[in-house]
Amino acid sequence: MNYKEITEKRRAINLFDPNRNVTNELLSEMIDLAARVPSSFNLQPWNLMVLRDTAAKEKLKALAWDQPKVVEAPVTFIVLADKNGWQEGHPTVEKKTGRKC
């Protein structure tokens with residue numbers, strides 16, 4: 001599949017089956033694939049929060065314009081970008097390059 005096909009066939013998902021099981025193995029595979037996507041300097045300056053708990057998803061829903069899909073999805077990711085992860089002396093850079101702060 002090429003980029004044009006990907007963009008033409010992509011779609012937004014708005015309805016989820018809250019009872020569908022998403023295994024830890026599938027979650028790990030999804031996260032591993034995401035980590036392979038190129039980022040600037042290949043630093044991947046992001047972290048994930050994986051929400052399965054309904055109460056935690058309800059708290060997030062209140063901050064996400066009360067979108068039902070936040071709670072209806074069996075798993076919800078919060079992606080935390082580190083906007084300073086590229087800066088020299090930052091732990092992300094040091095971890096990837098081996099340089100000391």
# chains A, B, ... in the order shown; residues from 1 in each chain; ligands from 1
call {"tool": "select_by_dssp", "arguments": {"residues": "segment 44-83 of chain A", "states": "alpha helix (DSSP H)", "output": "list in words"}}
result
Thr54, Ala55, Ala56, Lys57, Glu58, Lys59, Leu60, Lys61, Ala62, Leu63, Lys69, Val70, Val71 and Glu72 of chain A
call {"tool": "residues_around", "arguments": {"residues": "Ala81 of chain A", "least_positions_apart": "2", "cutoff": "7 Å", "atoms": "only C-alpha atoms", "output": "PyMOL selection string"}}
result
chain A and resi 45-47+79+83
call {"tool": "residues_around", "arguments": {"residues": "Pro68 of chain A", "least_positions_apart": "2", "cutoff": "12 Å", "atoms": "only C-alpha atoms", "output": "list in words"}}
result
Asn14, Leu15, Phe16, Asp17, Pro18, Thr54, Lys57, Glu58, Lys59, Leu60, Lys61, Ala62, Leu63, Ala64, Trp65, Asp66, Val70, Val71, Glu72, Ala73, Pro74 and Thr76 of chain A
call {"tool": "closest_residue", "arguments": {"among": "A:Asn21, A:Ile13, A:His90, A:Ile78", "to": "Leu51 of chain A", "atoms": "only C-alpha atoms"}}
result
A:Ile78
call {"tool": "select_by_dssp", "arguments": {"residues": "segment 8-95 of chain A", "states": "strand (DSSP E)", "output": "PyMOL selection string"}}
result
chain A and resi 46-51+76-81
call {"tool": "write_last_selection", "arguments": {"atoms": "C-alpha atoms", "output": "CSV table (one decimal), in the first residue's frame"}}
result
chain,number,residue,atom,x,y,z
A,46,TRP,CA,6.7,10.7,23.8
A,47,ASN,CA,5.2,8.5,26.5
A,48,LEU,CA,1.9,6.8,26.6
A,49,MET,CA,-0.8,6.4,29.2
A,50,VAL,CA,-3.0,3.4,28.6
A,51,LEU,CA,-6.4,3.7,30.1
A,76,THR,CA,-7.9,4.7,25.3
A,77,PHE,CA,-4.4,6.1,24.8
A,78,ILE,CA,-3.1,9.4,26.1
A,79,VAL,CA,-0.1,10.4,24.1
A,80,LEU,CA,2.3,12.7,26.0
A,81,ALA,CA,4.7,14.6,23.8
call {"tool": "atom_distance", "arguments": {"atom1": "atom CA of Leu26 of chain A", "atom2": "atom CA of Val75 of chain A"}}
result
11.2 Å
call {"tool": "residues_around", "arguments": {"residues": "Ser39 of chain A", "least_positions_apart": "4", "cutoff": "12 Å", "atoms": "only C-alpha atoms", "output": "list in words"}}
result
Ala34, Ala35, Leu43, Gln44, Pro45, Trp46, Ala81, Asp82, Gly85 and Trp86 of chain A
call {"tool": "write_last_selection", "arguments": {"atoms": "C-alpha atoms", "output": "compact mmCIF listing (two decimals), in the first residue's frame"}}
result
# COMPACT_ATOMS: atom_id res chain seq x y z
CA ALA A 34 4.20 3.26 16.80
CA ALA A 35 7.73 3.40 18.21
CA LEU A 43 14.28 10.28 19.63
CA GLN A 44 10.60 9.27 19.98
CA PRO A 45 10.10 11.97 22.63
CA TRP A 46 6.74 10.69 23.81
CA ALA A 81 4.68 14.62 23.81
CA ASP A 82 7.89 15.97 25.28
CA GLY A 85 13.00 16.06 24.18
CA TRP A 86 15.39 17.21 21.45
call {"tool": "closest_residue", "arguments": {"among": "A:Ile6, A:Ala12, A:Leu27, A:Val22", "to": "Lys69 of chain A", "atoms": "only C-alpha atoms"}}
result
A:Ala12
call {"tool": "decode", "arguments": {"residues": "chain A", "atoms": "C-alpha atoms", "output": "PDB file, in the first residue's frame"}}
result
ATOM      1  CA  MET A   1       0.000   0.000   0.000  1.00  0.00           C
ATOM      2  CA  ASN A   2       1.392   3.413  -0.888  1.00  0.00           C
ATOM      3  CA  TYR A   3       0.847   6.780   0.806  1.00  0.00           C
ATOM      4  CA  LYS A   4      -1.935   7.805  -1.574  1.00  0.00           C
ATOM      5  CA  GLU A   5      -3.859   4.599  -0.851  1.00  0.00           C
ATOM      6  CA  ILE A   6      -3.362   5.029   2.881  1.00  0.00           C
ATOM      7  CA  THR A   7      -4.714   8.582   2.859  1.00  0.00           C
ATOM      8  CA  GLU A   8      -7.636   7.719   0.597  1.00  0.00           C
ATOM      9  CA  LYS A   9      -8.679   4.683   2.645  1.00  0.00           C
ATOM     10  CA  ARG A  10      -8.169   6.091   6.123  1.00  0.00           C
ATOM     11  CA  ARG A  11     -11.186   6.823   8.249  1.00  0.00           C
ATOM     12  CA  ALA A  12     -12.050   8.178  11.647  1.00  0.00           C
ATOM     13  CA  ILE A  13     -13.628   5.692  14.011  1.00  0.00           C
ATOM     14  CA  ASN A  14     -16.307   7.112  16.268  1.00  0.00           C
ATOM     15  CA  LEU A  15     -18.196   4.036  17.469  1.00  0.00           C
ATOM     16  CA  PHE A  16     -16.581   1.353  19.600  1.00  0.00           C
ATOM     17  CA  ASP A  17     -17.651  -1.891  21.242  1.00  0.00           C
ATOM     18  CA  PRO A  18     -16.813  -1.326  24.925  1.00  0.00           C
ATOM     19  CA  ASN A  19     -16.984  -5.069  25.568  1.00  0.00           C
ATOM     20  CA  ARG A  20     -14.390  -6.008  22.974  1.00  0.00           C
ATOM     21  CA  ASN A  21     -11.251  -7.443  24.502  1.00  0.00           C
ATOM     22  CA  VAL A  22      -7.942  -5.907  23.498  1.00  0.00           C
ATOM     23  CA  THR A  23      -5.184  -8.205  24.680  1.00  0.00           C
ATOM     24  CA  ASN A  24      -1.969  -6.981  26.244  1.00  0.00           C
ATOM     25  CA  GLU A  25      -0.128  -8.684  23.366  1.00  0.00           C
ATOM     26  CA  LEU A  26      -2.064  -6.603  20.809  1.00  0.00           C
ATOM     27  CA  LEU A  27      -1.425  -3.417  22.790  1.00  0.00           C
ATOM     28  CA  SER A  28       2.293  -4.202  22.926  1.00  0.00           C
ATOM     29  CA  GLU A  29       2.354  -4.794  19.179  1.00  0.00           C
ATOM     30  CA  MET A  30       0.566  -1.490  18.510  1.00  0.00           C
ATOM     31  CA  ILE A  31       2.983   0.414  20.739  1.00  0.00           C
ATOM     32  CA  ASP A  32       6.008  -1.307  19.173  1.00  0.00           C
ATOM     33  CA  LEU A  33       4.771  -0.329  15.700  1.00  0.00           C
ATOM     34  CA  ALA A  34       4.204   3.262  16.801  1.00  0.00           C
ATOM     35  CA  ALA A  35       7.731   3.400  18.210  1.00  0.00           C
ATOM     36  CA  ARG A  36       9.098   2.506  14.759  1.00  0.00           C
ATOM     37  CA  VAL A  37       7.548   5.563  13.136  1.00  0.00           C
ATOM     38  CA  PRO A  38      10.272   8.107  12.451  1.00  0.00           C
ATOM     39  CA  SER A  39      10.588  11.128  14.686  1.00  0.00           C
ATOM     40  CA  SER A  40      13.065  13.961  14.661  1.00  0.00           C
ATOM     41  CA  PHE A  41      16.539  12.536  15.337  1.00  0.00           C
ATOM     42  CA  ASN A  42      14.729   9.219  16.005  1.00  0.00           C
ATOM     43  CA  LEU A  43      14.278  10.279  19.627  1.00  0.00           C
ATOM     44  CA  GLN A  44      10.596   9.272  19.979  1.00  0.00           C
ATOM     45  CA  PRO A  45      10.102  11.975  22.633  1.00  0.00           C
ATOM     46  CA  TRP A  46       6.741  10.691  23.807  1.00  0.00           C
ATOM     47  CA  ASN A  47       5.197   8.544  26.473  1.00  0.00           C
ATOM     48  CA  LEU A  48       1.868   6.766  26.611  1.00  0.00           C
ATOM     49  CA  MET A  49      -0.779   6.369  29.238  1.00  0.00           C
ATOM     50  CA  VAL A  50      -2.991   3.368  28.554  1.00  0.00           C
ATOM     51  CA  LEU A  51      -6.449   3.650  30.074  1.00  0.00           C
ATOM     52  CA  ARG A  52      -8.654   0.597  30.533  1.00  0.00           C
ATOM     53  CA  ASP A  53     -10.389   1.669  33.729  1.00  0.00           C
ATOM     54  CA  THR A  54     -13.816   3.247  33.142  1.00  0.00           C
ATOM     55  CA  ALA A  55     -13.387   5.759  35.980  1.00  0.00           C
ATOM     56  CA  ALA A  56     -10.091   7.000  34.515  1.00  0.00           C
ATOM     57  CA  LYS A  57     -11.655   7.263  31.051  1.00  0.00           C
ATOM     58  CA  GLU A  58     -14.610   9.203  32.527  1.00  0.00           C
ATOM     59  CA  LYS A  59     -12.154  11.756  33.959  1.00  0.00           C
ATOM     60  CA  LEU A  60     -10.520  12.095  30.554  1.00  0.00           C
ATOM     61  CA  LYS A  61     -13.910  12.354  28.842  1.00  0.00           C
ATOM     62  CA  ALA A  62     -14.710  15.418  30.953  1.00  0.00           C
ATOM     63  CA  LEU A  63     -11.552  17.058  29.574  1.00  0.00           C
ATOM     64  CA  ALA A  64     -12.221  15.913  25.986  1.00  0.00           C
ATOM     65  CA  TRP A  65     -15.423  17.817  25.277  1.00  0.00           C
ATOM     66  CA  ASP A  66     -17.469  14.912  26.713  1.00  0.00           C
ATOM     67  CA  GLN A  67     -16.851  12.713  23.686  1.00  0.00           C
ATOM     68  CA  PRO A  68     -18.535   9.327  24.374  1.00  0.00           C
ATOM     69  CA  LYS A  69     -15.883   7.449  22.381  1.00  0.00           C
ATOM     70  CA  VAL A  70     -13.297   8.199  25.088  1.00  0.00           C
ATOM     71  CA  VAL A  71     -15.178   5.889  27.459  1.00  0.00           C
ATOM     72  CA  GLU A  72     -16.712   3.530  24.896  1.00  0.00           C
ATOM     73  CA  ALA A  73     -13.378   2.423  23.461  1.00  0.00           C
ATOM     74  CA  PRO A  74     -12.100  -0.621  25.359  1.00  0.00           C
ATOM     75  CA  VAL A  75      -8.663   1.039  25.547  1.00  0.00           C
ATOM     76  CA  THR A  76      -7.870   4.734  25.337  1.00  0.00           C
ATOM     77  CA  PHE A  77      -4.359   6.112  24.838  1.00  0.00           C
ATOM     78  CA  ILE A  78      -3.133   9.441  26.122  1.00  0.00           C
ATOM     79  CA  VAL A  79      -0.056  10.441  24.118  1.00  0.00           C
ATOM     80  CA  LEU A  80       2.287  12.724  26.041  1.00  0.00           C
ATOM     81  CA  ALA A  81       4.681  14.615  23.811  1.00  0.00           C
ATOM     82  CA  ASP A  82       7.888  15.966  25.284  1.00  0.00           C
ATOM     83  CA  LYS A  83       8.379  19.196  23.374  1.00  0.00           C
ATOM     84  CA  ASN A  84      11.847  19.622  24.870  1.00  0.00           C
ATOM     85  CA  GLY A  85      13.002  16.056  24.182  1.00  0.00           C
ATOM     86  CA  TRP A  86      15.394  17.208  21.445  1.00  0.00           C
ATOM     87  CA  GLN A  87      17.397  19.624  23.603  1.00  0.00           C
ATOM     88  CA  GLU A  88      20.958  18.828  24.580  1.00  0.00           C
ATOM     89  CA  GLY A  89      21.165  17.829  28.217  1.00  0.00           C
ATOM     90  CA  HIS A  90      17.601  16.479  28.207  1.00  0.00           C
ATOM     91  CA  PRO A  91      17.268  12.887  29.531  1.00  0.00           C
ATOM     92  CA  THR A  92      15.677  11.720  26.254  1.00  0.00           C
ATOM     93  CA  VAL A  93      18.676  12.923  24.237  1.00  0.00           C
ATOM     94  CA  GLU A  94      21.127  11.523  26.750  1.00  0.00           C
ATOM     95  CA  LYS A  95      19.395   8.129  26.738  1.00  0.00           C
ATOM     96  CA  LYS A  96      19.455   7.899  22.929  1.00  0.00           C
ATOM     97  CA  THR A  97      22.938   9.305  22.320  1.00  0.00           C
ATOM     98  CA  GLY A  98      24.783   8.097  25.407  1.00  0.00           C
ATOM     99  CA  ARG A  99      25.967  11.615  26.213  1.00  0.00           C
ATOM    100  CA  LYS A 100      25.955  12.735  29.839  1.00  0.00           C
ATOM    101  CA  CYS A 101      23.973  15.753  31.050  1.00  0.00           C
TER     102      CYS A 101
END
